[in-house]
Structures are given as C-alpha cells and as structure tokens.
>>> print(open('work.csv').read())   # CSV, C-alpha atoms and all ligand atoms
chain,number,residue,atom,x,y,z
P,18,MET,CA,13.8,1.2,-0.1
P,19,GLU,CA,14.8,2.1,-3.6
P,20,ILE,CA,12.4,5.0,-4.0
P,21,ALA,CA,14.5,8.1,-4.0
P,22,THR,CA,15.1,7.6,-7.7
P,23,HIS,CA,11.4,7.9,-8.7
P,24,ASP,CA,10.2,10.9,-10.7
P,25,PRO,CA,8.0,13.4,-8.9
P,26,GLN,CA,4.2,13.0,-8.7
P,27,PRO,CA,2.8,11.9,-12.0
P,28,VAL,CA,1.6,15.1,-13.7
P,29,SER,CA,-0.1,14.9,-17.1
P,30,PRO,CA,2.1,16.1,-20.0
P,31,THR,CA,-0.3,19.0,-20.6
P,32,GLY,CA,-0.3,19.9,-16.9
P,33,LYS,CA,3.5,19.8,-17.0
P,34,ALA,CA,3.7,22.0,-20.1
P,35,LEU,CA,1.2,24.5,-18.6
P,36,ARG,CA,3.2,24.8,-15.3
P,37,LEU,CA,6.5,25.1,-17.2
P,38,ALA,CA,4.9,27.9,-19.4
P,39,GLY,CA,3.8,29.6,-16.2
P,40,LEU,CA,7.3,29.4,-14.8
P,41,PHE,CA,8.8,30.9,-17.9
P,42,ALA,CA,6.2,33.7,-17.9
P,43,PHE,CA,7.1,34.4,-14.3
P,44,MET,CA,10.8,34.5,-15.1
P,45,ALA,CA,10.3,36.8,-18.1
P,46,GLY,CA,8.1,39.2,-16.1
P,47,LEU,CA,10.7,39.2,-13.3
P,48,PHE,CA,13.5,39.8,-15.8
P,49,ILE,CA,11.7,42.9,-17.2
P,50,ALA,CA,10.8,44.2,-13.8
P,51,ASP,CA,14.4,43.6,-12.5
P,52,THR,CA,15.9,45.4,-15.5
P,53,LEU,CA,13.6,48.4,-15.3
P,54,THR,CA,13.8,49.0,-11.5
P,55,ASP,CA,16.7,50.7,-9.9
P,56,LEU,CA,19.8,48.9,-8.6
P,57,GLU,CA,18.7,49.4,-5.0
P,58,ILE,CA,15.6,47.2,-5.5
P,59,ALA,CA,16.6,43.6,-5.1
P,60,ILE,CA,13.5,42.3,-6.9
P,61,GLY,CA,15.7,39.5,-8.5
P,62,VAL,CA,15.6,37.6,-5.2
P,63,LEU,CA,12.1,36.5,-6.2
P,64,TYR,CA,13.8,34.0,-8.6
P,65,VAL,CA,13.9,31.6,-5.6
P,66,ALA,CA,10.3,30.8,-6.4
P,67,VAL,CA,11.4,29.0,-9.5
P,68,PRO,CA,13.3,26.0,-8.0
P,69,LEU,CA,10.7,25.8,-5.2
P,70,VAL,CA,7.8,25.4,-7.7
P,71,ALA,CA,9.8,23.3,-10.2
P,72,ALA,CA,10.5,20.7,-7.4
P,73,SER,CA,6.9,19.6,-7.5
P,74,PHE,CA,6.9,18.4,-11.1
P,75,LEU,CA,10.4,18.4,-12.7
P,76,PRO,CA,13.3,16.0,-12.3
P,77,ALA,CA,16.5,17.2,-10.6
P,78,ARG,CA,18.4,18.0,-13.8
P,79,ALA,CA,15.6,20.3,-15.1
P,80,ILE,CA,15.5,22.1,-11.7
P,81,LEU,CA,19.2,22.8,-12.0
P,82,LEU,CA,18.9,24.0,-15.5
P,83,LEU,CA,16.1,26.4,-14.6
P,84,SER,CA,18.0,27.7,-11.6
P,85,SER,CA,21.1,28.4,-13.9
P,86,LEU,CA,18.8,30.2,-16.3
P,87,CYS,CA,17.5,32.3,-13.4
P,88,LEU,CA,21.1,33.2,-12.4
P,89,GLY,CA,21.9,34.1,-16.1
P,90,LEU,CA,18.8,36.4,-16.2
P,91,LEU,CA,19.7,38.0,-12.8
P,92,LEU,CA,23.2,38.9,-14.0
P,93,THR,CA,22.0,40.1,-17.4
P,94,SER,CA,19.5,42.5,-16.0
P,95,TYR,CA,22.2,43.8,-13.6
P,96,GLU,CA,24.2,44.6,-16.7
P,97,LEU,CA,21.3,46.2,-18.4
P,98,THR,CA,20.0,48.3,-15.4
P,99,THR,CA,21.2,51.9,-15.6
P,100,GLY,CA,19.2,53.7,-12.9
P,101,GLY,CA,20.1,53.8,-9.2
P,102,ASP,CA,23.1,53.8,-6.9
P,103,PRO,CA,25.9,51.8,-8.5
P,104,ALA,CA,27.2,50.9,-5.0
P,105,ALA,CA,24.0,49.1,-4.1
P,106,GLY,CA,24.1,47.0,-7.2
P,107,PRO,CA,26.8,44.4,-6.4
P,108,ILE,CA,25.4,43.8,-2.9
P,109,ASN,CA,21.8,43.3,-4.0
P,110,ARG,CA,23.0,41.1,-6.9
P,111,ALA,CA,25.1,38.9,-4.5
P,112,ILE,CA,22.1,38.5,-2.1
P,113,SER,CA,19.9,37.4,-5.0
P,114,VAL,CA,22.4,35.0,-6.4
P,115,ILE,CA,23.1,33.4,-3.0
P,116,ALA,CA,19.3,33.1,-2.4
P,117,VAL,CA,18.7,31.3,-5.7
P,118,ILE,CA,21.6,29.0,-5.2
P,119,ALA,CA,20.6,28.2,-1.6
P,120,ALA,CA,17.0,27.6,-2.6
P,121,THR,CA,18.2,25.2,-5.3
P,122,VAL,CA,20.5,23.3,-3.1
P,123,LEU,CA,17.8,23.0,-0.4
P,124,VAL,CA,15.2,21.8,-2.9
P,125,LEU,CA,17.5,19.2,-4.3
P,126,ARG,CA,18.4,17.9,-0.9
P,127,ILE,CA,14.8,17.7,0.5
P,128,ARG,CA,13.5,16.4,-2.8
P,129,PRO,CA,14.4,12.7,-2.2
P,130,ALA,CA,12.6,12.8,1.2
P,131,ILE,CA,9.5,14.2,-0.5
P,132,LEU,CA,9.7,11.6,-3.2
P,133,ALA,CA,10.2,8.8,-0.7
P,134,GLY,CA,7.0,10.0,1.0
P,135,ILE,CA,5.1,9.9,-2.2
P,136,ALA,CA,6.4,6.5,-3.1
P,137,ALA,CA,5.5,5.1,0.3
P,138,ARG,CA,2.0,6.4,0.1
P,139,GLU,CA,1.6,4.8,-3.4
P,140,GLN,CA,2.8,1.5,-2.1
P,141,LEU,CA,0.5,1.6,0.9
P,142,ALA,CA,-2.3,2.3,-1.5
P,143,ARG,CA,-1.4,-0.7,-3.5
P,144,VAL,CA,-1.3,-3.0,-0.5
P,145,ALA,CA,-4.6,-1.5,0.8
P,146,ARG,CA,-6.2,-2.2,-2.6
P,147,VAL,CA,-5.3,-5.9,-2.1
P,148,ASN,CA,-6.8,-5.6,1.4
P,149,MET,CA,-10.0,-4.2,-0.1
P,150,LEU,CA,-10.2,-7.3,-2.3
P,151,GLY,CA,-10.8,-9.2,0.9
P,152,GLU,CA,-13.7,-7.0,1.8
P,153,LEU,CA,-15.0,-7.2,-1.7
P,154,THR,CA,-14.9,-11.0,-1.5
P,155,ALA,CA,-16.9,-10.9,1.7
P,156,SER,CA,-19.7,-8.8,0.2
P,157,ILE,CA,-19.8,-11.0,-3.0
P,158,ALA,CA,-20.0,-14.1,-0.9
P,159,HIS,CA,-23.0,-12.5,0.9
P,160,GLU,CA,-24.7,-11.5,-2.3
P,161,VAL,CA,-24.3,-15.0,-3.8
P,162,ASN,CA,-25.2,-16.7,-0.6
P,163,GLN,CA,-28.7,-15.2,-0.5
P,164,PRO,CA,-30.0,-16.6,-3.8
P,165,LEU,CA,-28.3,-19.9,-3.0
P,166,ALA,CA,-30.2,-20.2,0.2
P,167,ALA,CA,-33.4,-19.3,-1.6
P,168,ILE,CA,-32.7,-21.9,-4.3
P,169,ALA,CA,-32.3,-24.6,-1.6
P,170,ASN,CA,-35.6,-23.5,0.0
P,171,SER,CA,-37.5,-23.5,-3.3
P,172,GLY,CA,-36.0,-26.8,-4.3
P,173,ASN,CA,-37.1,-28.4,-1.0
P,174,ALA,CA,-40.6,-27.0,-1.4
P,175,GLY,CA,-40.7,-28.3,-5.0
P,176,LEU,CA,-39.7,-31.8,-3.8
P,177,ARG,CA,-42.4,-31.7,-1.1
P,178,TRP,CA,-45.1,-30.7,-3.7
P,179,LEU,CA,-44.0,-33.6,-6.0
P,180,GLU,CA,-43.9,-36.1,-3.1
P,181,ALA,CA,-47.5,-35.1,-2.0
P,182,GLN,CA,-50.3,-37.5,-2.7
P,183,PRO,CA,-51.5,-36.5,-5.2
P,184,PRO,CA,-48.5,-34.5,-6.4
P,185,ASN,CA,-49.3,-30.8,-6.8
P,186,LEU,CA,-47.6,-30.1,-10.1
P,187,ASP,CA,-48.7,-26.5,-10.3
P,188,LYS,CA,-47.0,-25.6,-7.0
P,189,ALA,CA,-44.0,-27.7,-7.9
P,190,ARG,CA,-43.7,-25.8,-11.2
P,191,GLN,CA,-43.9,-22.5,-9.3
P,192,ALA,CA,-41.2,-23.6,-6.9
P,193,LEU,CA,-39.0,-24.6,-9.9
P,194,ALA,CA,-39.6,-21.3,-11.5
P,195,ARG,CA,-38.3,-19.6,-8.3
P,196,VAL,CA,-35.2,-21.8,-8.4
P,197,VAL,CA,-34.5,-20.7,-12.0
P,198,SER,CA,-35.0,-17.0,-11.2
P,199,ASP,CA,-32.8,-17.2,-8.1
P,200,ALA,CA,-30.1,-19.1,-10.0
P,201,GLU,CA,-30.2,-16.3,-12.6
P,202,ARG,CA,-29.8,-13.8,-9.9
P,203,ALA,CA,-26.7,-15.5,-8.5
P,204,ALA,CA,-25.3,-15.8,-12.1
P,205,SER,CA,-25.8,-12.1,-12.6
P,206,VAL,CA,-24.0,-11.3,-9.4
P,207,ILE,CA,-21.1,-13.4,-10.6
P,208,ALA,CA,-21.2,-11.8,-14.0
P,209,ARG,CA,-21.0,-8.4,-12.4
P,210,VAL,CA,-18.1,-9.4,-10.3
P,211,ARG,CA,-16.3,-10.8,-13.2
P,212,SER,CA,-16.5,-7.6,-15.1
P,213,LEU,CA,-15.3,-5.7,-12.0
P,214,ALA,CA,-12.4,-7.9,-11.0
P,215,ARG,CA,-9.7,-7.8,-13.5
P,216,PRO,CA,-7.4,-10.7,-12.6
P,217,VAL,CA,-4.1,-9.6,-11.2
P,218,PRO,CA,-1.7,-12.5,-11.8
P,219,PRO,CA,0.8,-13.0,-9.0
P,220,HIS,CA,4.1,-11.4,-10.0
P,221,ARG,CA,6.7,-13.8,-8.5
P,222,GLU,CA,10.2,-12.5,-8.2
P,223,TRP,CA,13.3,-13.2,-6.1
P,224,LEU,CA,12.9,-11.2,-2.9
P,225,ASN,CA,15.2,-10.3,0.0
P,226,ALA,CA,13.1,-11.4,3.0
P,227,LEU,CA,14.4,-8.7,5.3
P,228,ASP,CA,13.9,-5.9,2.8
P,229,THR,CA,10.3,-7.1,2.2
P,230,VAL,CA,9.6,-7.0,5.9
P,231,GLU,CA,11.3,-3.7,6.4
P,232,GLU,CA,9.4,-2.1,3.6
P,233,ILE,CA,6.0,-2.9,5.0
P,234,ILE,CA,7.2,-1.9,8.5
P,235,ALA,CA,8.2,1.5,7.1
P,236,LEU,CA,4.7,2.0,5.9
P,237,ILE,CA,3.0,1.2,9.2
P,238,ARG,CA,5.6,2.6,11.6
P,239,ASP,CA,3.2,5.4,12.5
P,240,GLU,CA,0.5,2.9,13.3
P,241,LEU,CA,2.8,1.0,15.6
P,242,ALA,CA,4.0,4.1,17.3
P,243,ARG,CA,0.4,5.3,17.8
P,244,ASN,CA,-0.4,2.0,19.5
P,245,GLN,CA,2.8,2.2,21.5
P,246,VAL,CA,4.0,-1.1,20.2
P,247,SER,CA,7.8,-1.8,20.2
P,248,LEU,CA,9.2,-3.9,17.4
P,249,SER,CA,12.1,-6.2,17.0
P,250,ILE,CA,13.1,-8.0,13.8
P,251,ASP,CA,15.4,-11.1,13.9
P,252,ASN,CA,16.9,-12.0,10.5
P,253,MET,CA,18.9,-15.2,10.0
P,254,GLU,CA,22.4,-14.7,8.6
P,255,GLY,CA,22.7,-15.9,5.0
P,256,MET,CA,18.9,-16.0,4.4
P,257,PRO,CA,18.3,-17.3,0.8
P,258,PRO,CA,16.2,-15.3,-1.5
P,259,VAL,CA,12.4,-15.9,-1.4
P,260,LEU,CA,10.3,-16.6,-4.6
P,261,ALA,CA,7.1,-14.7,-4.2
P,262,ASP,CA,4.9,-11.8,-5.2
P,263,LYS,CA,6.1,-8.9,-3.0
P,264,VAL,CA,2.8,-7.0,-2.7
P,265,GLN,CA,1.0,-10.2,-1.7
P,266,VAL,CA,3.7,-11.2,0.9
P,267,GLN,CA,3.4,-7.7,2.3
P,268,GLN,CA,-0.3,-8.1,2.4
P,269,VAL,CA,0.1,-11.2,4.5
P,270,LEU,CA,2.6,-9.5,6.8
P,271,LEU,CA,0.2,-6.5,7.1
P,272,ASN,CA,-2.7,-8.8,8.1
P,273,LEU,CA,-0.6,-10.6,10.7
P,274,ILE,CA,0.9,-7.4,12.1
P,275,LEU,CA,-2.4,-5.6,12.4
P,276,ASN,CA,-4.0,-8.6,14.1
P,277,ALA,CA,-1.0,-8.7,16.5
P,278,VAL,CA,-1.4,-4.9,17.2
P,279,GLU,CA,-5.2,-5.4,17.8
P,280,ALA,CA,-4.5,-8.4,20.1
P,281,MET,CA,-2.2,-6.2,22.2
P,282,GLY,CA,-4.9,-3.6,22.8
P,283,THR,CA,-5.4,-4.8,26.4
P,284,THR,CA,-1.7,-5.3,27.1
P,285,PRO,CA,-0.1,-2.5,29.1
P,286,PRO,CA,1.5,-0.1,26.6
P,287,ALA,CA,5.0,-0.5,28.1
P,288,GLU,CA,4.9,-4.3,27.5
P,289,ARG,CA,3.5,-4.3,23.9
P,290,THR,CA,6.1,-6.1,21.9
P,291,LEU,CA,5.9,-7.3,18.3
P,292,ARG,CA,8.6,-9.7,17.2
P,293,ILE,CA,9.2,-10.7,13.6
P,294,THR,CA,11.5,-13.5,13.0
P,295,ILE,CA,12.9,-14.5,9.6
P,296,GLY,CA,14.6,-17.9,9.2
P,297,VAL,CA,14.7,-21.2,7.3
P,298,ALA,CA,12.3,-24.1,8.0
P,299,GLU,CA,12.7,-27.7,7.0
P,300,GLY,CA,13.0,-28.3,3.3
P,301,GLY,CA,14.8,-24.9,2.8
P,302,ARG,CA,11.6,-22.8,2.9
P,303,ALA,CA,11.7,-19.4,4.4
P,304,LEU,CA,9.9,-19.2,7.7
P,305,PHE,CA,8.4,-15.9,8.9
P,306,SER,CA,7.0,-15.6,12.4
P,307,VAL,CA,5.0,-12.7,13.8
P,308,GLU,CA,4.8,-12.9,17.6
P,309,ASP,CA,2.9,-10.8,20.0
P,310,ASN,CA,2.1,-10.7,23.7
P,311,GLY,CA,-1.5,-9.9,23.4
P,312,VAL,CA,-4.7,-11.6,24.6
P,313,GLY,CA,-3.6,-14.9,23.1
P,314,LEU,CA,-5.6,-17.4,21.0
P,315,ALA,CA,-9.2,-17.7,22.3
P,316,THR,CA,-9.7,-21.2,21.0
P,317,ASP,CA,-8.1,-24.6,21.0
P,318,ASN,CA,-9.3,-25.0,17.4
P,319,VAL,CA,-6.6,-22.9,15.9
P,320,GLU,CA,-7.6,-23.9,12.3
P,321,LYS,CA,-10.9,-22.2,12.8
P,322,LEU,CA,-9.2,-18.8,13.0
P,323,PHE,CA,-8.3,-19.1,9.3
P,324,ASP,CA,-12.0,-19.7,8.2
P,325,ALA,CA,-13.5,-16.8,6.3
P,326,PHE,CA,-15.8,-14.7,8.5
P,327,HIS,CA,-14.5,-16.1,11.8
P,328,THR,CA,-14.0,-13.1,14.0
P,329,THR,CA,-14.1,-12.1,17.6
P,330,LYS,CA,-13.9,-8.4,16.9
P,331,PRO,CA,-17.0,-6.2,16.9
P,332,ASP,CA,-15.9,-4.5,13.7
P,333,GLY,CA,-13.9,-7.4,12.3
P,334,MET,CA,-14.6,-9.0,8.9
P,335,GLY,CA,-12.9,-12.3,9.7
P,336,ILE,CA,-11.3,-12.1,6.3
P,337,GLY,CA,-7.6,-11.2,7.1
P,338,LEU,CA,-6.5,-14.7,8.0
P,339,ALA,CA,-8.5,-16.3,5.2
P,340,VAL,CA,-6.9,-14.1,2.6
P,341,THR,CA,-3.5,-14.8,4.3
P,342,ARG,CA,-4.0,-18.5,4.0
P,343,SER,CA,-5.1,-18.3,0.4
P,344,ILE,CA,-2.1,-16.2,-0.6
P,345,VAL,CA,0.4,-18.3,1.3
P,346,GLU,CA,-1.0,-21.6,-0.1
P,347,THR,CA,-1.0,-20.2,-3.7
P,348,HIS,CA,2.7,-19.6,-3.2
P,349,GLY,CA,3.2,-23.2,-2.1
P,350,GLY,CA,3.7,-22.4,1.5
P,351,LYS,CA,1.8,-23.0,4.8
P,352,VAL,CA,0.5,-20.8,7.6
P,353,TRP,CA,-0.3,-21.8,11.1
P,354,ALA,CA,-0.7,-20.3,14.6
P,355,THR,CA,0.8,-21.3,18.0
P,356,ALA,CA,0.2,-20.1,21.5
P,357,ASN,CA,3.2,-18.5,23.2
P,358,GLU,CA,4.2,-20.0,26.6
P,359,GLU,CA,4.5,-16.6,28.2
P,360,GLY,CA,1.1,-15.5,26.7
P,361,GLY,CA,0.2,-14.0,23.4
P,362,ALA,CA,0.1,-15.7,20.0
P,363,SER,CA,2.5,-16.4,17.1
P,364,PHE,CA,1.6,-16.7,13.5
P,365,HIS,CA,4.0,-18.5,11.1
P,366,PHE,CA,4.2,-18.9,7.4
P,367,THR,CA,6.6,-20.5,4.9
P,368,LEU,CA,7.5,-19.5,1.4
P,369,PRO,CA,9.7,-21.2,-1.2
P,370,THR,CA,13.3,-20.0,-1.5
P,371,SER,CA,16.2,-20.7,-3.8
P,372,ARG,CA,16.9,-23.8,-1.6
P,373,THR,CA,13.4,-25.2,-2.1
P,374,ASP,CA,12.3,-27.5,-4.9
P,375,ILE,CA,9.6,-25.3,-6.4
P,376,PRO,CA,6.5,-27.3,-7.3
P,401,LIG,N1,-2.5,-12.2,17.0
P,401,LIG,C1,-3.7,-12.7,17.5
P,401,LIG,N2,-3.9,-13.0,18.8
P,401,LIG,C2,-5.1,-13.4,19.2
P,401,LIG,N3,-6.1,-13.7,18.4
P,401,LIG,C3,-5.9,-13.5,17.0
P,401,LIG,C4,-4.7,-13.0,16.5
P,401,LIG,N4,-4.9,-12.9,15.2
P,401,LIG,C5,-6.1,-13.3,14.9
P,401,LIG,N5,-6.8,-13.7,16.0
P,401,LIG,C6,-8.1,-14.2,16.1
P,401,LIG,O1,-8.5,-14.7,14.8
P,401,LIG,C7,-9.7,-14.0,14.3
P,401,LIG,C8,-9.7,-13.9,12.8
P,401,LIG,O2,-8.6,-13.0,12.4
P,401,LIG,P1,-8.8,-12.3,11.0
P,401,LIG,O3,-7.6,-11.5,10.7
P,401,LIG,O4,-9.1,-13.4,10.0
P,401,LIG,O5,-10.1,-11.4,11.1
P,401,LIG,P2,-10.3,-10.1,12.0
P,401,LIG,O6,-9.0,-9.6,12.4
P,401,LIG,O7,-11.3,-10.4,13.1
P,401,LIG,O8,-11.0,-9.2,10.9
P,401,LIG,P3,-10.3,-8.6,9.6
P,401,LIG,O9,-11.0,-9.2,8.5
P,401,LIG,O10,-10.6,-7.1,9.7
P,401,LIG,O11,-8.9,-8.9,9.6
P,401,LIG,C9,-9.7,-12.7,15.1
P,401,LIG,O12,-11.0,-12.1,15.2
P,401,LIG,C10,-9.1,-13.1,16.4
P,401,LIG,O13,-10.1,-13.6,17.2
P,402,MG,MG,-7.5,-9.2,11.0
>>> encode(input="work.csv", output="structure tokens", more="lines below")
Ligand SMILES: Nc1ncnc2c1ncn2[C@@H]1O[C@H](COP(=O)(O)OP(=O)(O)OP(=O)(O)O)[C@@H](O)[C@H]1O
Ligand SMILES: [Mg+2]
Amino acid sequence: MEIATHDPQPVSPTGKALRLAGLFAFMAGLFIADTLTDLEIAIGVLYVAVPLVAASFLPARAILLLSSLCLGLLLTSYELTTGGDPAAGPINRAISVIAVIAATVLVLRIRPAILAGIAAREQLARVARVNMLGELTASIAHEVNQPLAAIANSGNAGLRWLEAQPPNLDKARQALARVVSDAERAASVIARVRSLARPVPPHREWLNALDTVEEIIALIRDELARNQVSLSIDNMEGMPPVLADKVQVQQVLLNLILNAVEAMGTTPPAERTLRITIGVAEGGRALFSVEDNGVGLATDNVEKLFDAFHTTKPDGMGIGLAVTRSIVETHGGKVWATANEEGGASFHFTLPTSRTDIP
C-alpha cells in the first residue's frame, strides 16, 4: 500500500496553529526554566515532549526542524546557566541531547506505521460507506414499495366501483384520490433520496489486480484471524492491468469474502480456508474467484442468490450479492456462483483488462 507518504491526520489550519503555538510556548518556558535552574538539574530532558507531540500533526521535516531547535535551546541555556556544579553540566547536557535525538529518531521511525494505520482506517471507512449504500437502497425500496402497493389496491378498488352496476362514481373518485395521494407520497420519498444521494461517478483507472486484492485483505485481516480463517491468494503471472473503480471492486471483494467467512461459520476452525484466485478468462477479461469450504450453496437456483433481499441469514439484508452484481455489470463484467466438488462455494467475477475490447 502506498500510504506511508500521507500527511498526518487532517487537523484544521487553526488547530495546527494553536498546537504549534502551544509547543513554542512550552519550549520557551522550558528554556527559561533550564537557564535559571542549576546545572545539576537536567530539566532540559523534557524537550523530548516536543517531537512526541509534533508527530501527531506535523510532517517529518517540521518534526526534525523543531527537534533541532530544541537542541539549540538546550545548548544555549547550558552556556547561559551560571549556578551549580560545573562538573554536572556536561553529563546532564549530554543526557538531554541524547534523549531528544533518540525521541526524534523513534518518532520518525514509528510515524509511517501510525500513518499507515490512519490511512487503512480511512479506506475501510470509504468501503464501508459504499456498503451502507446497499442498506440505504433496501430501506428506500421498502419506503417506496408501501405507497406502490397502496396505489395498486386503490386502483383495483376504483376499477371495481366503476365496473359496478350502476357505477359508484363517488367511491371511484375517492379511490382515485387515494391513488394520487399515495403517488405523491412515493414521489416525495424519491425526492428526499435524490437530495440525499449525491451521485458518485465510478472512477475507472488501471489497477493491479493483486494490489487491489491485497489492499482489501489488509483491511480485514483481523476479521479473518478472529474467525480463524486461513487465506491463500493465487495470482497469475503476467496479469494484465484491470480497468475499474478500485473502491467498487474492493466493495465486491469485501461482500464475497464476508459471505465466504459467514458460510464457514459451521466449518471446523482448522479447516476454514478462503482461496482467492486471480487469472484471465476468455476474451482477455480478468477473472477473480473467491472460494470457501463452508456450508455450500443451499439452492440449485444459483441465480436467485443475486436477487435483492434474498437471504438465508437471520440478520442478513440479502443485498451484498445484488450490489455485487450491479457493480460488476456496470463495469462490463459478469458474476456467477458454482458449487465446489469437495463442498463449499465459489463466486467468480470478470472485469475488463487492457487485453479486452472495452465496450
Ligand atoms: N459463500 C457462500 N456460501 C454459501 N451461501 C452463500 C455464500 N454467499 C452467499 N450465499 C447465500 O446467498 C445469500 C445472499 O447473499 P448476500 O450477500 O446477497 O446477502 P446476505 O449475506 O444474506 O446479507 P447481506 O446483505 O448482509 O450481505 C446468503 O444469504 C446465502 O444464503
Ligand atoms: Mg452478504
């Protein structure tokens, strides 16, 4: 993952300025205290706080600069201090200098790991947001469905009143009025959703298939470990680049992997194996397969699994595979499921590559 180069957590410019001002005030206070106290008192060692605090909001170069400034202040106050035992001075000074340098080196070495953690959290949040879209779709569908059912009912009632002998125009008019008000209700739901859902156009780019898979795995490695699932990834040599929206492809992988993990809930922990294969299908498309040795497909009608709201899980939405299919098909690919001979299920999807004629 190319994340170690990111800047630290986004802090507002005012927040940054305030923290920096705080650091300078601390350094100035320390300088005065260090100068006024006797040489035996190694108060200068407290400068180590500066690189430690700076690491949370400043880039590497600024941390280095601040640390050098601390060293400068340390040595200057040593020169200015007159009281105390001159023999203690050099030792205390050396300890302080070494402590500040060590803290700076440590901070700069640990910093990439901290930043990688922050970037990974951000990316997971992005993928999870797309996941939420699936849930949002489900509740919208529900809200629109209600008035639609009511419209069909009132419409039928209206027809019956018109067909009656003699036709009851008054009742028919009431039924039609209900149709109109329910249609308005449905329209208002849609208008509300429209104002909510800012369209996110797919951002297609050339992707390295293995990197894309490994990035999403890195984000859910803890989840796999928690479920005691062992993982293998097979990547074809000379895999061509894939043309797709990275976040959306990772969303697809996430749905399939989570389903596989859930399907292996009843498999003995030592046997839980998730296999991801990356290769090339007919026509030069990239072929991704996610294979598990879980309960297997409960139905012969595999197509049904991809229907929205089809679920066999007590707390499932039945949306994961529907979203998966819509993403893959928007990219000009296909998704399907097969039963493994030795038990378990495999889900496969294709995406265009540099070897495919893009539609
Ligand atoms: N790897 C798998 N092995 C066996 N059955 C599966 C597998 N993946 C999906 N299924 C079946 O397909 C159904 C639909 O999956 P889908 O991901 O769309 O919904 P879900 O997992 O039930 O709920 P959610 O919306 O939270 O993802 C599942 O309920 C399950 O019955
Ligand atoms: Mg699912």
>>> residues_near_ligand(input="work.csv", ligand="ligand LIG 401 (chain P)", cutoff="6 Å", atoms="only C-alpha atoms and all ligand atoms", output="PyMOL selection string")
chain P and resi 276-277+280+312-314+322-323+327-330+333-339+362
>>> closest_residue(input="work.csv", among="P:Ala203, P:Pro76, P:Gly61, P:Pro369", to="Glu222 (chain P)", atoms="only C-alpha atoms")
P:Pro369
>>> atom_distance(input="work.csv", atom1="CA of Ala71 (chain P)", atom2="CA of Leu83 (chain P)")
8.3 Å
>>> closest_residue(input="work.csv", among="P:Gln267, P:Asn244, P:Gln140, P:Ser249", to="Glu279 (chain P)", atoms="all atoms listed in the file")
P:Asn244
>>> closest_residue(input="work.csv", among="P:Asp332, P:Glu57, P:Asp228, P:Glu160", to="ligand MG 402 (chain P)", atoms="all atoms listed in the file")
P:Asp332
>>> closest_residue(input="work.csv", among="P:Asn252, P:Thr99, P:Gln245, P:Ser343", to="Thr283 (chain P)", atoms="only C-alpha atoms")
P:Gln245
>>> atom_distance(input="work.csv", atom1="CA of Ala242 (chain P)", atom2="CA of Val266 (chain P)")
22.4 Å
>>> atom_distance(input="work.csv", atom1="CA of Val65 (chain P)", atom2="CA of Thr121 (chain P)")
7.7 Å
>>> residues_around(input="work.csv", residues="Leu270 (chain P)", least_positions_apart="5", cutoff="9 Å", atoms="only C-alpha atoms", output="list in words")
Val230, Ile233, Gln265, Leu275, Phe305, Val307 and Thr341 of chain P
>>> residues_around(input="work.csv", residues="Glu254 (chain P)", least_positions_apart="5", cutoff="12 Å", atoms="all atoms listed in the file", output="PyMOL selection string")
chain P and resi 226-227+294-297
>>> residues_near_point(input="work.csv", point="(-0.5, -9.6, 19.9)", cutoff="12 Å", atoms="only C-alpha atoms", output="PyMOL selection string")
chain P and resi 241+244+246-248+273-286+288-293+307-314+354-357+359-364
>>> closest_residue(input="work.csv", among="P:Pro219, P:Gly172, P:Gly301, P:Pro331", to="Val264 (chain P)", atoms="only C-alpha atoms")
P:Pro219
